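Asker: Here you go, target_22.cif (mmCIF, C-alpha atoms):
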```
data_final
#
loop_
_atom_site.group_PDB
_atom_site.id
_atom_site.type_symbol
_atom_site.label_atom_id
_atom_site.label_comp_id
_atom_site.auth_asym_id
_atom_site.auth_seq_id
_atom_site.Cartn_x
_atom_site.Cartn_y
_atom_site.Cartn_z
ATOM 1 C CA MET A 1 3.595 -54.741 -17.314
ATOM 2 C CA THR A 2 1.339 -51.721 -16.953
ATOM 3 C CA ILE A 3 -1.673 -51.013 -19.153
ATOM 4 C CA GLU A 4 0.261 -48.136 -20.703
ATOM 5 C CA GLN A 5 3.092 -50.496 -21.613
ATOM 6 C CA GLN A 6 0.647 -53.014 -23.064
ATOM 7 C CA THR A 7 -1.330 -50.555 -25.158
ATOM 8 C CA GLY A 8 1.290 -47.921 -25.829
ATOM 9 C CA THR A 9 -1.067 -45.188 -24.571
ATOM 10 C CA ARG A 10 -0.718 -42.688 -21.753
ATOM 11 C CA GLU A 11 -3.318 -41.707 -19.240
ATOM 12 C CA PRO A 12 -3.909 -37.942 -19.254
ATOM 13 C CA ALA A 13 -2.035 -36.108 -16.512
ATOM 14 C CA THR A 14 -4.208 -34.687 -13.766
ATOM 15 C CA GLU A 15 -3.517 -31.445 -11.949
ATOM 16 C CA SER A 16 -2.611 -31.760 -8.304
ATOM 17 C CA ASP A 17 -4.554 -29.905 -5.637
ATOM 18 C CA SER A 18 -1.589 -27.545 -5.230
ATOM 19 C CA VAL A 19 -1.524 -26.706 -8.937
ATOM 20 C CA ARG A 20 -5.260 -26.010 -8.956
ATOM 21 C CA THR A 21 -4.848 -23.789 -5.896
ATOM 22 C CA VAL A 22 -2.135 -21.755 -7.614
ATOM 23 C CA VAL A 23 -4.195 -21.359 -10.771
ATOM 24 C CA ASP A 24 -7.295 -20.394 -8.786
ATOM 25 C CA HIS A 25 -5.372 -17.805 -6.771
ATOM 26 C CA VAL A 26 -3.848 -16.162 -9.823
ATOM 27 C CA ALA A 27 -7.221 -16.166 -11.567
ATOM 28 C CA ALA A 28 -8.838 -14.522 -8.537
ATOM 29 C CA SER A 29 -6.199 -11.776 -8.411
ATOM 30 C CA VAL A 30 -6.726 -10.640 -12.006
ATOM 31 C CA PRO A 31 -10.162 -8.971 -11.637
ATOM 32 C CA VAL A 32 -9.167 -7.375 -8.326
ATOM 33 C CA ILE A 33 -6.073 -5.792 -9.862
ATOM 34 C CA ALA A 34 -7.987 -4.864 -13.008
ATOM 35 C CA SER A 35 -10.554 -3.026 -10.857
ATOM 36 C CA LEU A 36 -7.900 -0.356 -10.200
ATOM 37 C CA VAL A 37 -8.713 1.010 -13.653
ATOM 38 C CA ASP A 38 -12.059 2.093 -12.198
ATOM 39 C CA HIS A 39 -10.072 4.277 -9.767
ATOM 40 C CA LYS A 40 -7.772 5.782 -12.398
ATOM 41 C CA ASP A 41 -8.926 9.376 -11.913
ATOM 42 C CA HIS A 42 -8.752 8.984 -8.157
ATOM 43 C CA ILE A 43 -5.213 7.582 -8.262
ATOM 44 C CA ALA A 44 -4.086 10.327 -10.651
ATOM 45 C CA ALA A 45 -5.502 13.005 -8.336
ATOM 46 C CA TRP A 46 -3.608 11.472 -5.414
ATOM 47 C CA ALA A 47 -0.415 11.446 -7.461
ATOM 48 C CA ASP A 48 -0.742 15.125 -8.362
ATOM 49 C CA ASP A 49 -1.521 16.114 -4.786
ATOM 50 C CA ILE A 50 1.210 14.063 -3.109
ATOM 51 C CA ALA A 51 3.863 15.094 -5.639
ATOM 52 C CA ALA A 52 3.005 18.772 -5.125
ATOM 53 C CA ARG A 53 3.325 18.371 -1.360
ATOM 54 C CA LEU A 54 6.659 16.569 -1.590
ATOM 55 C CA VAL A 55 8.103 19.102 -4.025
ATOM 56 C CA ALA A 56 7.027 21.861 -1.627
ATOM 57 C CA GLY A 57 9.067 20.234 1.141
ATOM 58 C CA ARG A 58 6.344 18.324 2.912
ATOM 59 C CA ARG A 59 6.793 14.714 3.942
ATOM 60 C CA LEU A 60 4.868 11.494 3.538
ATOM 61 C CA LEU A 61 4.270 9.161 6.466
ATOM 62 C CA ALA A 62 2.967 5.644 5.829
ATOM 63 C CA ALA A 63 1.814 2.772 7.994
ATOM 64 C CA GLY A 64 0.107 -0.594 7.837
ATOM 65 C CA ASN A 65 -0.012 -3.958 9.592
ATOM 66 C CA GLY A 66 1.358 -7.224 8.229
ATOM 67 C CA GLY A 67 1.302 -7.402 4.443
ATOM 68 C CA SER A 68 -0.061 -3.865 4.248
ATOM 69 C CA ALA A 69 2.994 -2.717 6.218
ATOM 70 C CA ALA A 70 5.172 -4.209 3.491
ATOM 71 C CA GLU A 71 3.254 -2.291 0.818
ATOM 72 C CA ALA A 72 3.501 0.940 2.835
ATOM 73 C CA GLN A 73 7.242 0.476 3.189
ATOM 74 C CA HIS A 74 7.462 -0.227 -0.529
ATOM 75 C CA LEU A 75 5.911 3.192 -1.172
ATOM 76 C CA THR A 76 8.328 5.068 1.083
ATOM 77 C CA SER A 77 11.343 3.289 -0.373
ATOM 78 C CA GLU A 78 10.345 4.370 -3.881
ATOM 79 C CA LEU A 79 10.303 7.993 -2.713
ATOM 80 C CA THR A 80 13.481 8.101 -0.661
ATOM 81 C CA GLY A 81 15.241 5.957 -3.246
ATOM 82 C CA ARG A 82 14.000 6.101 -6.807
ATOM 83 C CA PHE A 83 11.248 4.542 -8.827
ATOM 84 C CA ASP A 84 12.287 4.896 -12.459
ATOM 85 C CA GLY A 85 15.476 6.777 -13.228
ATOM 86 C CA ASP A 86 17.531 9.157 -11.159
ATOM 87 C CA ARG A 87 15.992 12.120 -9.340
ATOM 88 C CA PRO A 88 16.280 13.798 -5.920
ATOM 89 C CA ALA A 89 15.163 11.953 -2.782
ATOM 90 C CA TYR A 90 11.957 12.946 -1.052
ATOM 91 C CA SER A 91 11.046 12.648 2.612
ATOM 92 C CA ALA A 92 8.998 9.512 3.311
ATOM 93 C CA ILE A 93 8.864 7.546 6.574
ATOM 94 C CA SER A 94 7.401 4.105 7.276
ATOM 95 C CA LEU A 95 6.133 4.311 10.842
ATOM 96 C CA HIS A 96 5.924 0.548 11.369
ATOM 97 C CA ALA A 97 9.602 0.205 10.389
ATOM 98 C CA GLU A 98 10.701 2.255 13.421
ATOM 99 C CA SER A 99 11.079 -0.886 15.512
ATOM 100 C CA SER A 100 12.362 0.743 18.699
ATOM 101 C CA ALA A 101 9.656 3.402 18.591
ATOM 102 C CA VAL A 102 6.950 0.818 17.851
ATOM 103 C CA THR A 103 8.004 -1.439 20.724
ATOM 104 C CA ALA A 104 8.541 1.418 23.172
ATOM 105 C CA ILE A 105 5.202 3.049 22.395
ATOM 106 C CA GLY A 106 3.456 -0.325 22.380
ATOM 107 C CA ASN A 107 4.960 -1.151 25.757
ATOM 108 C CA ASP A 108 4.196 2.216 27.368
ATOM 109 C CA TYR A 109 0.955 3.250 25.694
ATOM 110 C CA GLY A 110 -0.471 0.126 24.052
ATOM 111 C CA TYR A 111 -0.327 -1.129 20.481
ATOM 112 C CA ASP A 112 -3.271 1.008 19.408
ATOM 113 C CA GLU A 113 -1.032 4.079 19.813
ATOM 114 C CA VAL A 114 2.086 2.899 17.936
ATOM 115 C CA PHE A 115 1.311 4.939 14.804
ATOM 116 C CA ALA A 116 -0.678 7.814 16.281
ATOM 117 C CA ARG A 117 2.099 8.900 18.598
ATOM 118 C CA GLN A 118 4.593 8.875 15.733
ATOM 119 C CA VAL A 119 2.212 10.911 13.580
ATOM 120 C CA THR A 120 1.972 13.423 16.396
ATOM 121 C CA ALA A 121 5.763 13.503 16.626
ATOM 122 C CA HIS A 122 6.630 13.723 12.926
ATOM 123 C CA ALA A 123 3.686 15.084 10.957
ATOM 124 C CA ARG A 124 3.103 18.775 10.370
ATOM 125 C CA ALA A 125 0.334 20.679 8.640
ATOM 126 C CA GLY A 126 0.482 19.977 4.918
ATOM 127 C CA ASP A 127 2.150 16.586 5.225
ATOM 128 C CA VAL A 128 0.348 13.476 3.975
ATOM 129 C CA VAL A 129 -0.294 10.315 5.996
ATOM 130 C CA VAL A 130 -0.947 7.165 3.947
ATOM 131 C CA LEU A 131 -2.603 4.264 5.760
ATOM 132 C CA LEU A 132 -2.953 0.808 4.229
ATOM 133 C CA SER A 133 -5.320 -1.889 5.448
ATOM 134 C CA THR A 134 -7.282 -4.783 3.995
ATOM 135 C CA SER A 135 -9.950 -4.772 6.709
ATOM 136 C CA GLY A 136 -10.171 -1.035 7.314
ATOM 137 C CA LYS A 137 -10.760 -1.791 10.985
ATOM 138 C CA SER A 138 -7.314 -1.733 12.650
ATOM 139 C CA PRO A 139 -7.488 0.431 15.790
ATOM 140 C CA ASN A 140 -3.899 1.645 15.428
ATOM 141 C CA LEU A 141 -4.625 2.992 11.941
ATOM 142 C CA LEU A 142 -7.851 4.638 13.092
ATOM 143 C CA ARG A 143 -5.889 6.384 15.849
ATOM 144 C CA ALA A 144 -3.270 7.437 13.301
ATOM 145 C CA ALA A 145 -5.971 9.001 11.131
ATOM 146 C CA ALA A 146 -7.252 10.962 14.115
ATOM 147 C CA ALA A 147 -3.724 12.121 14.945
ATOM 148 C CA ALA A 148 -3.185 13.278 11.368
ATOM 149 C CA ARG A 149 -6.354 15.329 11.486
ATOM 150 C CA ALA A 150 -5.286 16.875 14.793
ATOM 151 C CA VAL A 151 -1.982 18.164 13.379
ATOM 152 C CA GLY A 152 -3.451 19.318 10.070
ATOM 153 C CA ALA A 153 -1.911 16.613 7.875
ATOM 154 C CA ARG A 154 -3.890 15.134 4.992
ATOM 155 C CA SER A 155 -4.792 11.498 5.552
ATOM 156 C CA ILE A 156 -5.555 8.992 2.798
ATOM 157 C CA ALA A 157 -6.156 5.254 2.940
ATOM 158 C CA MET A 158 -5.940 2.231 0.677
ATOM 159 C CA THR A 159 -8.333 -0.370 2.037
ATOM 160 C CA GLY A 160 -10.262 -3.487 1.226
ATOM 161 C CA PRO A 161 -14.009 -3.438 0.578
ATOM 162 C CA GLY A 162 -15.890 -0.385 1.757
ATOM 163 C CA PRO A 163 -17.551 1.090 3.563
ATOM 164 C CA ASN A 164 -15.256 0.554 6.513
ATOM 165 C CA PRO A 165 -14.192 2.587 9.578
ATOM 166 C CA LEU A 166 -10.795 3.639 8.217
ATOM 167 C CA ALA A 167 -12.230 4.901 4.926
ATOM 168 C CA GLU A 168 -14.630 7.024 6.941
ATOM 169 C CA ALA A 169 -11.913 8.308 9.306
ATOM 170 C CA VAL A 170 -9.496 9.663 6.666
ATOM 171 C CA ASP A 171 -9.791 12.608 4.282
ATOM 172 C CA ASP A 172 -9.934 10.314 1.251
ATOM 173 C CA ALA A 173 -9.800 6.587 0.507
ATOM 174 C CA ILE A 174 -9.635 4.078 -2.305
ATOM 175 C CA CYS A 175 -11.488 0.896 -1.359
ATOM 176 C CA ILE A 176 -10.656 -2.244 -3.337
ATOM 177 C CA ASP A 177 -13.165 -5.086 -3.448
ATOM 178 C CA GLY A 178 -11.789 -8.600 -3.086
ATOM 179 C CA PRO A 179 -10.335 -11.178 -0.703
ATOM 180 C CA SER A 180 -7.630 -9.937 1.647
ATOM 181 C CA ALA A 181 -4.653 -11.479 -0.187
ATOM 182 C CA ASN A 182 -5.822 -10.184 -3.562
ATOM 183 C CA VAL A 183 -6.423 -6.730 -2.098
ATOM 184 C CA GLN A 184 -2.815 -6.633 -0.882
ATOM 185 C CA GLU A 185 -1.618 -7.622 -4.340
ATOM 186 C CA ALA A 186 -3.703 -4.825 -5.838
ATOM 187 C CA GLN A 187 -2.311 -2.400 -3.262
ATOM 188 C CA LEU A 188 1.179 -3.002 -4.618
ATOM 189 C CA VAL A 189 0.010 -2.289 -8.159
ATOM 190 C CA LEU A 190 -1.732 0.842 -6.849
ATOM 191 C CA VAL A 191 1.528 1.933 -5.160
ATOM 192 C CA HIS A 192 3.454 1.451 -8.400
ATOM 193 C CA ALA A 193 0.808 3.283 -10.446
ATOM 194 C CA LEU A 194 0.899 6.122 -7.934
ATOM 195 C CA CYS A 195 4.688 6.333 -8.092
ATOM 196 C CA ARG A 196 4.769 6.241 -11.875
ATOM 197 C CA ALA A 197 2.182 9.018 -12.079
ATOM 198 C CA MET A 198 4.132 11.126 -9.561
ATOM 199 C CA GLU A 199 7.492 10.660 -11.217
ATOM 200 C CA PRO A 200 7.368 13.473 -13.837
ATOM 201 C CA ALA A 201 6.425 16.087 -11.215
ATOM 202 C CA LEU A 202 9.028 14.791 -8.769
ATOM 203 C CA ARG A 203 11.718 15.070 -11.434
ATOM 204 C CA ARG A 204 10.674 18.581 -12.441
ATOM 205 C CA GLY A 205 10.413 19.640 -8.830
ATOM 206 C CA GLY A 206 13.921 18.477 -8.059
ATOM 207 C CA ARG A 207 15.547 20.739 -10.651
ATOM 208 C CA ARG A 208 17.325 23.780 -9.231
#
```
Any chance you could put this one into structure tokens?
Answerer:
Amino acid sequence: MTIEQQTGTREPATESDSVRTVVDHVAASVPVIASLVDHKDHIAAWADDIAARLVAGRRLLAAGNGGSAAEAQHLTSELTGRFDGDRPAYSAISLHAESSAVTAIGNDYGYDEVFARQVTAHARAGDVVVLLSTSGKSPNLLRAAAAARAVGARSIAMTGPGPNPLAEAVDDAICIDGPSANVQEAQLVLVHALCRAMEPALRRGGRR
């Protein structure tokens, strides 16, 4: 018979290492996401600018590596599809999702050129190139920023802690302080905030 059976008492349950890890991760993400409020004016200005460009017939190109690629593709899908309610589709391309182009360019020119060459091919003056990175150091994104500048497209970046090379290479950047995983989580919230702020202008602009 156990002590519990003898005394009729229960020993308090203890959290496993996995449970503590989950709780710690969620707790760490909260202040990083909340820090986006400090960038509210910046995000709103981006929304107004990007929406005006899209309504005028310009396009948005986006790129990132790894988890940041997923967030970039999330942004383009909200524009070509819809974010909240029906409205016209707008031109938005995820450069990393062009698998044949990425592998062909990587094979022929090197991985550092996989986004820059596509920017050169697709971007025109007045378009906007959105680059996402947690480190702000990826050579292929730095080359993409240079390519955007060369064709006259506006380049903006969502990065991890600044200063960093990508933030300095683009026309404008929002740098989020925090660990890499939490920065990526905040990037998704930033993408959604950006889309929600753009939505009224995108709906008005689509009326004919």
Asker: Extract, using all atoms listed in the file, all DNA, RNA and protein residues at most 9 Å from Asn182 (chain A), discarding same-chain residues fewer than 4 positions from it, and format them as a list in words.
Answerer: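 Here the answer would be His25, Val26, Ala28, Ser29, Val30, Val32, Ile33, Asp177, Gly178, Ala186 and Gln187 of chain A.
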Asker: Show me, as JSON, numbers by chain, the residues that have an atom within 10 Å of Pro88 (chain A) when counting all atoms listed in the file, minus same-chain residues fewer than 5 positions from it.
Answerer: {"A": [55, 79, 80, 81, 82, 202, 203, 204, 205, 206, 207]}
Asker: Provide the CA of Leu75 (chain A) to CA of Asp108 (chain A) distance in Å, to one decimal place.
Answerer: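 Computing it gives 28.6 Å between the two atoms.
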Asker: Using all atoms listed in the file, which residue out of A:Ala47, A:Pro161, A:Glu15, A:Ala34 lies closest to Ala193 (chain A)?
Answerer: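 Smallest distance to Ala193 (chain A) is found for A:Ala47.
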Asker: With only C-alpha atoms as the atoms that count, which of A:Val119, A:Ala169, A:Ile156, A:Val183 lies nearest to Ser135 (chain A)?
Answerer: A:Val183
